[in-house]
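Visitor: Dropping in target18.txt, with compact mmCIF, C-alpha atoms.
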# COMPACT_ATOMS: atom_id res chain seq x y z
CA MET R 19 -9.36 1.27 5.53
CA LYS R 20 -7.39 -0.80 8.06
CA ASN R 21 -3.84 -1.73 7.11
CA LYS R 22 -3.92 -5.45 6.41
CA GLY R 23 -1.45 -7.77 4.74
CA LEU R 24 -2.21 -11.07 3.08
CA ALA R 25 0.84 -13.32 3.23
CA MET R 26 1.28 -16.90 2.12
CA THR R 27 4.28 -19.15 1.69
CA ILE R 28 4.00 -21.99 -0.81
CA ILE R 29 5.90 -25.19 -1.51
CA PHE R 30 5.60 -26.85 -4.91
CA GLN R 31 7.69 -29.35 -6.88
CA ALA R 32 9.14 -28.69 -10.31
CA GLU R 33 11.92 -29.65 -12.67
CA SER R 34 14.32 -27.30 -14.48
CA ALA R 35 11.82 -24.44 -14.67
CA ASN R 36 13.98 -21.32 -15.26
CA TYR R 37 17.14 -20.99 -17.35
CA GLY R 38 19.59 -18.11 -17.47
CA GLU R 39 22.33 -17.39 -20.01
CA SER R 40 23.91 -20.30 -21.86
CA LEU R 41 27.57 -21.18 -21.33
CA GLY R 42 28.82 -22.42 -24.70
CA ASN R 43 26.39 -25.14 -25.70
CA ILE R 44 25.25 -25.73 -22.10
CA SER R 45 21.98 -24.12 -20.98
CA ALA R 46 22.49 -23.05 -17.37
CA LEU R 47 19.74 -22.99 -14.76
CA LYS R 48 19.37 -19.86 -12.65
CA LYS R 49 21.22 -20.53 -9.39
CA ILE R 50 22.35 -18.94 -6.15
CA SER R 51 25.07 -20.13 -3.78
CA ARG R 52 25.29 -20.16 0.00
CA ASN R 53 28.44 -19.55 2.03
CA ASN R 54 29.17 -23.28 2.36
CA GLY R 55 29.27 -23.59 -1.42
CA ASP R 56 25.92 -25.32 -1.85
CA GLN R 57 24.03 -24.23 -4.96
CA TYR R 58 20.27 -23.87 -5.22
CA THR R 59 18.28 -23.33 -8.39
CA TYR R 60 15.52 -20.75 -8.47
CA ILE R 61 12.60 -19.50 -10.51
CA SER R 62 12.70 -15.72 -10.61
CA ARG R 63 9.88 -13.59 -9.27
CA GLN R 64 9.65 -12.04 -12.76
CA ALA R 65 8.98 -15.48 -14.23
CA ILE R 66 6.29 -16.20 -11.63
CA ARG R 67 4.70 -12.81 -12.25
CA TYR R 68 4.65 -13.50 -16.00
CA ASN R 69 2.90 -16.85 -15.50
CA LEU R 70 0.36 -15.33 -13.09
CA MET R 71 -0.63 -12.59 -15.52
CA GLU R 72 -0.56 -14.99 -18.46
CA GLN R 73 -3.05 -17.30 -16.74
CA ILE R 74 -5.28 -14.96 -14.73
CA GLY R 75 -7.58 -14.24 -17.67
CA GLU R 76 -7.70 -10.43 -17.36
CA LYS R 77 -7.03 -7.81 -20.05
CA GLU R 78 -3.35 -7.30 -20.77
CA ALA R 79 -2.10 -3.82 -19.94
CA PRO R 80 -0.96 -2.14 -23.20
CA VAL R 81 2.70 -1.18 -23.62
CA LYS R 82 4.84 0.89 -25.98
CA ALA R 83 8.55 1.17 -26.85
CA GLU R 84 10.19 4.51 -26.03
CA GLY R 85 13.57 5.68 -27.30
CA GLY R 86 15.87 3.99 -29.77
CA GLY R 87 18.77 1.59 -30.04
CA ASP R 88 20.24 0.33 -26.77
CA LYS R 89 18.23 2.92 -24.85
CA LYS R 90 14.84 1.68 -26.01
CA VAL R 91 12.53 1.08 -23.04
CA ILE R 92 9.23 -0.82 -23.04
CA GLN R 93 6.70 0.70 -20.67
CA PHE R 94 2.96 0.89 -20.09
CA LEU R 95 0.88 3.40 -22.02
CA GLY R 96 0.32 6.65 -20.14
CA GLU R 97 -3.47 6.37 -20.42
CA ALA R 98 -3.57 2.81 -19.01
CA THR R 99 -4.81 2.85 -15.40
CA ILE R 100 -5.59 0.40 -12.60
CA THR R 101 -9.29 0.89 -13.36
CA ASP R 102 -9.09 -1.38 -16.39
CA PHE R 103 -5.93 -3.39 -15.81
CA PRO R 104 -5.37 -5.49 -12.66
CA GLU R 105 -1.73 -5.99 -13.71
CA LEU R 106 -1.04 -2.31 -12.99
CA ASP R 107 -3.02 -2.56 -9.77
CA PHE R 108 -1.10 -5.60 -8.55
CA PHE R 109 2.44 -5.00 -9.76
CA GLY R 110 2.66 -1.23 -10.26
CA TYR R 111 4.25 0.74 -13.07
CA LEU R 112 6.73 3.42 -14.05
CA LYS R 113 5.65 5.75 -16.87
CA THR R 114 8.24 8.25 -18.03
CA GLU R 115 7.16 11.46 -19.73
CA LYS R 116 9.32 14.18 -21.25
CA GLY R 117 9.36 17.35 -19.20
CA SER R 118 8.06 15.65 -16.04
CA SER R 119 9.14 13.22 -13.37
CA GLY R 120 6.69 10.68 -14.79
CA LYS R 121 4.20 8.53 -12.95
CA LYS R 122 5.03 5.71 -10.58
CA ARG R 123 3.14 3.08 -8.61
CA SER R 124 4.89 0.57 -6.38
CA ALA R 125 3.85 -3.08 -6.40
CA LYS R 126 1.02 -3.99 -4.03
CA VAL R 127 1.46 -7.71 -4.74
CA ARG R 128 5.02 -8.75 -4.00
CA LEU R 129 6.63 -12.06 -4.91
CA SER R 130 9.83 -13.67 -3.76
CA ASN R 131 11.96 -15.86 -5.98
CA ALA R 132 10.99 -19.53 -5.78
CA ILE R 133 14.17 -21.09 -4.39
CA SER R 134 14.85 -24.81 -4.40
CA LEU R 135 14.89 -26.58 -1.05
CA GLU R 136 17.25 -29.27 -2.35
CA THR R 137 20.78 -28.56 -3.57
CA PHE R 138 21.81 -28.65 -7.21
CA LYS R 139 24.19 -31.57 -7.89
CA GLY R 140 25.36 -30.60 -11.37
CA ASP R 141 23.17 -33.01 -13.36
CA ILE R 142 23.21 -32.38 -17.12
CA ASP R 143 20.84 -33.59 -19.83
CA PHE R 144 22.31 -34.58 -23.21
CA LEU R 145 20.13 -33.28 -26.04
CA THR R 146 20.10 -34.15 -29.75
CA ASN R 147 17.82 -33.75 -32.76
CA LYS R 148 18.57 -37.29 -33.98
CA GLY R 149 14.95 -38.00 -34.90
CA GLN R 150 14.82 -35.05 -37.28
CA ALA R 151 18.39 -35.47 -38.59
CA ASP R 152 17.75 -39.12 -39.51
CA LYS R 153 14.88 -38.07 -41.75
CA ILE R 154 17.32 -36.39 -44.14
CA ASN R 155 20.43 -38.45 -43.43
CA GLU R 156 22.28 -35.57 -41.73
CA ASN R 157 24.47 -35.51 -38.64
CA MET R 158 22.56 -34.64 -35.50
CA ASN R 159 23.12 -31.46 -33.47
CA ILE R 160 24.19 -31.85 -29.84
CA ALA R 161 23.40 -29.60 -26.89
CA GLN R 162 23.41 -29.92 -23.11
CA ALA R 163 21.20 -28.48 -20.40
CA GLU R 164 21.47 -28.46 -16.63
CA ILE R 165 18.57 -30.28 -14.95
CA HIS R 166 17.28 -30.22 -11.38
CA LYS R 167 14.10 -31.53 -9.78
CA SER R 168 13.30 -30.18 -6.34
CA TYR R 169 10.78 -28.76 -3.95
CA TYR R 170 10.63 -24.96 -4.26
CA ARG R 171 9.42 -22.30 -1.83
CA TYR R 172 8.13 -18.80 -2.56
CA THR R 173 6.08 -16.17 -0.77
CA ILE R 174 3.32 -13.80 -1.86
CA THR R 175 2.47 -10.69 0.14
CA ILE R 176 -0.42 -8.35 -0.71
CA ASP R 177 -1.17 -4.93 0.77
CA LEU R 178 -4.94 -5.38 0.81
CA ASP R 179 -5.64 -1.78 1.87
CA GLN R 180 -3.77 -0.42 -1.17
CA ILE R 181 -5.35 -2.59 -3.85
CA GLY R 182 -7.63 -0.54 -6.12
CA ILE R 183 -6.36 2.86 -4.95
CA ASP R 184 -4.09 5.04 -7.10
CA GLY R 185 -4.10 8.80 -6.72
CA GLU R 186 -7.63 9.98 -7.45
CA ILE R 187 -8.75 6.52 -8.57
CA THR R 188 -10.61 4.33 -6.09
CA ILE R 189 -12.13 1.09 -7.31
CA ASP R 190 -15.28 -0.41 -5.81
CA ASN R 191 -14.60 -2.84 -2.95
CA LYS R 192 -16.42 -5.67 -4.73
CA GLU R 193 -14.07 -5.30 -7.66
CA LYS R 194 -11.06 -5.23 -5.33
CA ALA R 195 -12.21 -8.50 -3.76
CA ARG R 196 -12.89 -10.06 -7.16
CA ARG R 197 -9.40 -9.24 -8.39
CA VAL R 198 -7.58 -10.59 -5.37
CA LYS R 199 -9.70 -13.74 -5.25
CA LYS R 200 -9.05 -14.37 -8.94
CA LEU R 201 -5.34 -14.03 -8.25
CA MET R 202 -5.70 -16.66 -5.52
CA ASP R 203 -7.46 -18.98 -7.97
CA THR R 204 -4.56 -18.54 -10.38
CA VAL R 205 -1.98 -19.31 -7.69
CA ALA R 206 -3.90 -22.44 -6.74
CA PHE R 207 -3.44 -23.95 -10.23
CA LEU R 208 -0.32 -22.16 -11.46
CA TYR R 209 1.83 -23.83 -14.10
CA ARG R 210 4.82 -22.93 -16.26
CA ASP R 211 5.50 -23.87 -19.89
CA ILE R 212 9.18 -24.35 -20.61
CA ARG R 213 11.04 -26.23 -23.35
CA GLY R 214 8.13 -28.40 -24.41
CA ARG R 215 7.13 -29.24 -20.83
CA ARG R 216 4.33 -27.95 -18.64
CA GLU R 217 5.56 -27.80 -15.06
CA ASP R 218 2.93 -27.91 -12.31
CA LEU R 219 3.55 -25.09 -9.79
CA LYS R 220 0.39 -25.55 -7.74
CA PRO R 221 0.92 -25.73 -3.95
CA LEU R 222 1.69 -29.01 -2.21
CA PHE R 223 1.93 -27.13 1.09
CA VAL R 224 0.77 -23.60 1.84
CA ILE R 225 0.57 -21.51 5.00
CA GLY R 226 -0.67 -17.96 5.50
CA GLY R 227 -3.49 -15.62 6.31
CA VAL R 228 -4.58 -12.00 6.63
CA TYR R 229 -2.59 -10.17 9.30
CA ASP R 230 -2.28 -6.77 10.95
CA VAL R 231 1.40 -6.80 9.95
CA ARG R 232 2.37 -6.67 6.27
CA ASN R 233 5.31 -9.02 6.63
CA PRO R 234 6.11 -12.19 4.63
CA VAL R 235 5.48 -14.02 7.90
CA PHE R 236 6.61 -17.57 7.08
CA GLN R 237 9.07 -16.88 4.26
CA ASN R 238 12.24 -17.86 6.11
CA VAL R 239 10.91 -20.72 8.25
CA VAL R 240 9.07 -23.04 5.88
CA ASP R 241 11.40 -25.86 4.86
CA VAL R 242 11.43 -29.50 3.77
CA LEU R 243 14.02 -31.85 5.27
CA ASP R 244 14.09 -35.52 4.22
CA ASN R 245 10.64 -35.08 2.66
CA LYS R 246 9.26 -33.74 5.95
CA ILE R 247 7.82 -30.30 6.63
CA ALA R 248 9.93 -28.60 9.34
CA ILE R 249 7.12 -28.13 11.87
CA LYS R 250 9.13 -26.70 14.79
CA ASN R 251 10.25 -23.65 12.80
CA ILE R 252 6.63 -22.84 11.95
CA GLU R 253 5.43 -23.39 15.52
CA ASP R 254 8.01 -20.88 16.78
CA VAL R 255 6.63 -18.15 14.48
CA MET R 256 3.09 -19.05 15.52
CA MET R 257 4.01 -17.92 19.06
CA TYR R 258 3.99 -14.26 18.00
CA GLU R 259 0.88 -12.34 19.01
CA GLY R 260 -1.76 -12.15 16.29
CA ILE R 261 -0.27 -14.88 14.10
CA GLN R 262 -1.65 -18.27 15.09
CA GLU R 263 -5.31 -17.26 15.26
CA HIS R 264 -5.17 -15.80 11.75
CA THR R 265 -3.13 -18.56 10.11
CA LYS R 266 -4.46 -21.36 7.91
CA VAL R 267 -2.46 -24.34 6.60
CA GLY R 268 -3.10 -26.49 3.55
CA ILE R 269 -1.35 -29.70 2.54
CA VAL R 270 -1.68 -32.44 -0.09
CA ASP R 271 -2.34 -35.56 1.96
CA GLY R 272 0.46 -38.13 1.68
CA GLN R 273 2.88 -35.90 -0.25
CA PHE R 274 5.22 -35.48 2.71
CA SER R 275 6.40 -38.20 5.10
CA ASN R 276 4.96 -36.34 8.10
CA SER R 277 1.64 -35.26 6.55
CA ASP R 278 -0.35 -36.70 9.45
CA GLU R 279 1.81 -34.86 11.99
CA VAL R 280 1.38 -31.61 10.05
CA LYS R 281 -2.39 -32.05 10.08
CA VAL R 282 -2.39 -32.59 13.85
CA LYS R 283 0.17 -30.02 15.02
CA LEU R 284 -0.57 -27.27 12.49
CA LYS R 285 -4.27 -28.12 12.05
CA ALA R 286 -3.68 -28.43 8.32
CA ASP R 287 -6.57 -28.94 5.93
CA SER R 288 -6.69 -29.59 2.20
CA ILE R 289 -5.25 -27.08 -0.28
CA SER R 290 -8.73 -26.32 -1.61
CA MET R 291 -10.01 -25.59 1.90
CA PHE R 292 -7.05 -23.26 2.47
CA PHE R 293 -7.89 -21.15 -0.58
CA ASN R 294 -11.62 -21.16 0.24
CA ASP R 295 -10.76 -19.83 3.70
CA ILE R 296 -8.41 -17.15 2.32
CA LYS R 297 -11.01 -15.99 -0.21
CA GLY R 298 -13.56 -15.77 2.59
CA LYS R 299 -11.18 -13.55 4.55
CA ILE R 300 -10.66 -11.35 1.48
CA ASP R 301 -14.42 -10.90 1.10
CA ALA R 302 -14.82 -10.17 4.83
CA TYR R 303 -12.05 -7.55 4.75
CA TYR R 304 -13.47 -5.59 1.81
CA GLU R 305 -17.06 -5.87 3.03
CA SER R 306 -16.07 -4.35 6.38
CA ASN R 307 -14.22 -1.35 4.91
Would you give me this structure, written as structure tokens?
Guide:
Amino acid sequence: MKNKGLAMTIIFQAESANYGESLGNISALKKISRNNGDQYTYISRQAIRYNLMEQIGEKEAPVKAEGGGDKKVIQFLGEATITDFPELDFFGYLKTEKGSSGKKRSAKVRLSNAISLETFKGDIDFLTNKGQADKINENMNIAQAEIHKSYYRYTITIDLDQIGIDGEITIDNKEKARRVKKLMDTVAFLYRDIRGRREDLKPLFVIGGVYDVRNPVFQNVVDVLDNKIAIKNIEDVMMYEGIQEHTKVGIVDGQFSNSDEVKVKLKADSISMFFNDIKGKIDAYYESN
């Protein structure tokens, strides 16, 4: 089977979608800082993985707790295999066994963190339970939470040639294609439930394809500046051999100030057409191998 990598970089818009540890009575968003001091919020790859598996509609891989106290570890059951559980196929596993080195499978679907493309300005929401406290004439409780609304960017890479293969197990190519296409359908309408809100994580802009290199091709060049897609960065990467002819672009018409320019220069189509094209390439790859 030819080594092929499916890579796509996605931009979506969300608000306050991943919190870390609280500082006193302030709930802090997960953040990273750059050298100039700017802070950017992010949604962890673990959070995105959780939402993908929660929404994909496949059987959950069974787990167990090993050990005790602070050393207790939750891991997949030893008898659970990629044959029945796409989660193990996509994201791998580590199964420890006494008296052996255990069993390990690396992830074949890799996710980056979804990092905001707009800086965090320190906005804080003031929260109370006044409505409930008034019912019984009690003083309300007060809490605070950091808030941030921004465009976010993340990248998915998939080693297509390694899906459905684990040691002596080899899954039928039709099933491999079905799994990957169902994952694409989930990405296309991904959402995240957090603190009474349902945040829409579906793509507003997406670029990618199936390539001979298994690199997150557009991960570091897709950007939004003043509500405009940074086209020049993308065009520069397109110059590499084997990239432009295999790349498809999808955009929500009118979302960005330069949507028309994106459609002309990057030959962008609708988001639905992008995913239809990608799923066609997935079928073609597995039918030819």
Visitor: Nearest residue to R:Gly298 out of R:Ile183, R:Val267, R:Ala195, R:Leu208, using all atoms listed in the file?
Guide: R:Ala195
Visitor: Please identify every residue of stretch 74-108 of chain R that has at least one atom no farther than 10 Å from an atom of stretch 53-69 of chain R, counting all atoms listed in the file, and for each give the shortest atom pair and the distance in Å to one decimal, arranged by chain then increasing number, as CSV.
Guide:
residue,atom,partner,partner_atom,distance
R:Ile74,CA,R:Asn69,CA,8.4
R:Glu105,CA,R:Arg67,CA,9.5
R:Phe108,CA,R:Arg67,CA,10.0
Visitor: Report, in Å with one decimal, the straight-line distance from atom CA of R:Tyr229 to atom CA of R:Lys266.
Guide: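 Separation of atom CA of R:Tyr229 and atom CA of R:Lys266: 11.4 Å.
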Visitor: Distance cut-off 10 Å, centre (-14.6, 6.6, -13.1) in file coordinates, counting all atoms listed in the file: which residues qualify? Return them as a list in words.
Guide: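 I get Thr101, Glu186, Ile187, Thr188 and Ile189 of chain R for the residues within 10 Å of that point.
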Visitor: How would the residues just chosen look if you wrote them out with C-alpha atoms as a CSV table (one decimal), in the frame of the given file?
Guide:
chain,number,residue,atom,x,y,z
R,101,THR,CA,-9.3,0.9,-13.4
R,186,GLU,CA,-7.6,10.0,-7.4
R,187,ILE,CA,-8.8,6.5,-8.6
R,188,THR,CA,-10.6,4.3,-6.1
R,189,ILE,CA,-12.1,1.1,-7.3
Visitor: Ranking R:Asp177, R:Ser124, R:Leu129, R:Ile247 by minimum distance to R:Glu279 and counting all atoms listed in the file, which one comes first?
Guide: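 Closest residue, counting all atoms listed in the file: R:Ile247.
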Visitor: Which is closer to R:Met202 than all the others in R:Thr175, R:Asn238, R:Thr99, R:Gln273, using all atoms listed in the file?
Guide: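 Among the listed residues, the smallest separation from R:Met202 belongs to R:Thr175.
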Visitor: For the atom pair atom CA of R:Phe292 and atom CA of R:Met256, what is the interatomic distance in Å to one decimal place?
Guide: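 Computing it gives 17.1 Å between the two atoms.
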Visitor: Excluding R:Asp143 and any residue of its chain fewer than 5 positions from it, enumerate the residues within 10 Å of it, using all atoms listed in the file, and give them as JSON, numbers by chain.
Guide: {"R": [44, 45, 161, 162, 163, 164, 165, 166]}
Visitor: Which distance in Å separates atom CA of R:Ala25 and atom CA of R:Phe236, to one decimal?
Guide: 8.1 Å
Visitor: Compare R:Leu243, R:Leu219, R:Leu284, R:Leu47 by their minimum atom-to-atom distance to R:Leu70, counting only C-alpha atoms, and give me the closest one.
Guide: R:Leu219
Visitor: Using all atoms listed in the file, what residues lie at most 9 Å away from (-8.7, -8.4, 7.9) (file coordinates), given as an mmCIF file with C-alpha atoms, in the frame of the given file?
Guide:
data_model
loop_
_atom_site.group_PDB
_atom_site.id
_atom_site.type_symbol
_atom_site.label_atom_id
_atom_site.label_comp_id
_atom_site.auth_asym_id
_atom_site.auth_seq_id
_atom_site.Cartn_x
_atom_site.Cartn_y
_atom_site.Cartn_z
ATOM 1 C CA LYS R 20 -7.390 -0.800 8.060
ATOM 2 C CA ASN R 21 -3.840 -1.730 7.110
ATOM 3 C CA LYS R 22 -3.920 -5.450 6.410
ATOM 4 C CA GLY R 23 -1.450 -7.770 4.740
ATOM 5 C CA LEU R 24 -2.210 -11.070 3.080
ATOM 6 C CA LEU R 178 -4.940 -5.380 0.810
ATOM 7 C CA VAL R 228 -4.580 -12.000 6.630
ATOM 8 C CA TYR R 229 -2.590 -10.170 9.300
ATOM 9 C CA ASP R 230 -2.280 -6.770 10.950
ATOM 10 C CA LYS R 299 -11.180 -13.550 4.550
ATOM 11 C CA ILE R 300 -10.660 -11.350 1.480
ATOM 12 C CA ALA R 302 -14.820 -10.170 4.830
ATOM 13 C CA TYR R 303 -12.050 -7.550 4.750
ATOM 14 C CA TYR R 304 -13.470 -5.590 1.810
ATOM 15 C CA SER R 306 -16.070 -4.350 6.380
#
Visitor: Rank R:Thr114, R:Ser34, R:Asn233, R:Gln93 by their smallest atom-to-atom distance to R:Gly140, using all atoms listed in the file, and report the top residue only.
Guide: R:Ser34
Visitor: Could you check the closest approach to R:Ile100 for each of R:Glu84, R:Asn245, R:Val240, R:Ile181 and tell me which residue wins, using all atoms listed in the file?
Guide: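 Looking at the shortest contact to R:Ile100, the residue is R:Ile181.
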Visitor: Can you tell me which residues surround R:Thr27 at a distance of at most 8 Å, considering all atoms listed in the file, apart from same-chain residues fewer than 2 positions away, and format the answer as a list in words?
Guide: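 Listed by chain and then number, they are Ala25, Ile29, Arg171, Tyr172, Thr173, Ile174, Val224, Ile225, Gly226, Pro234, Phe236, Gln237 and Val240 of chain R.
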Visitor: Produce the centre coordinates and the three edge lengths, each in Å to one decimal, of the box along x, y and z that contains all listed atoms of stretch 98-105 of chain R with 6 Å added on each side, as JSON.
Guide:
{"center_x": -5.5, "center_y": -1.6, "center_z": -15.8, "size_x": 19.6, "size_y": 20.8, "size_z": 18.4}
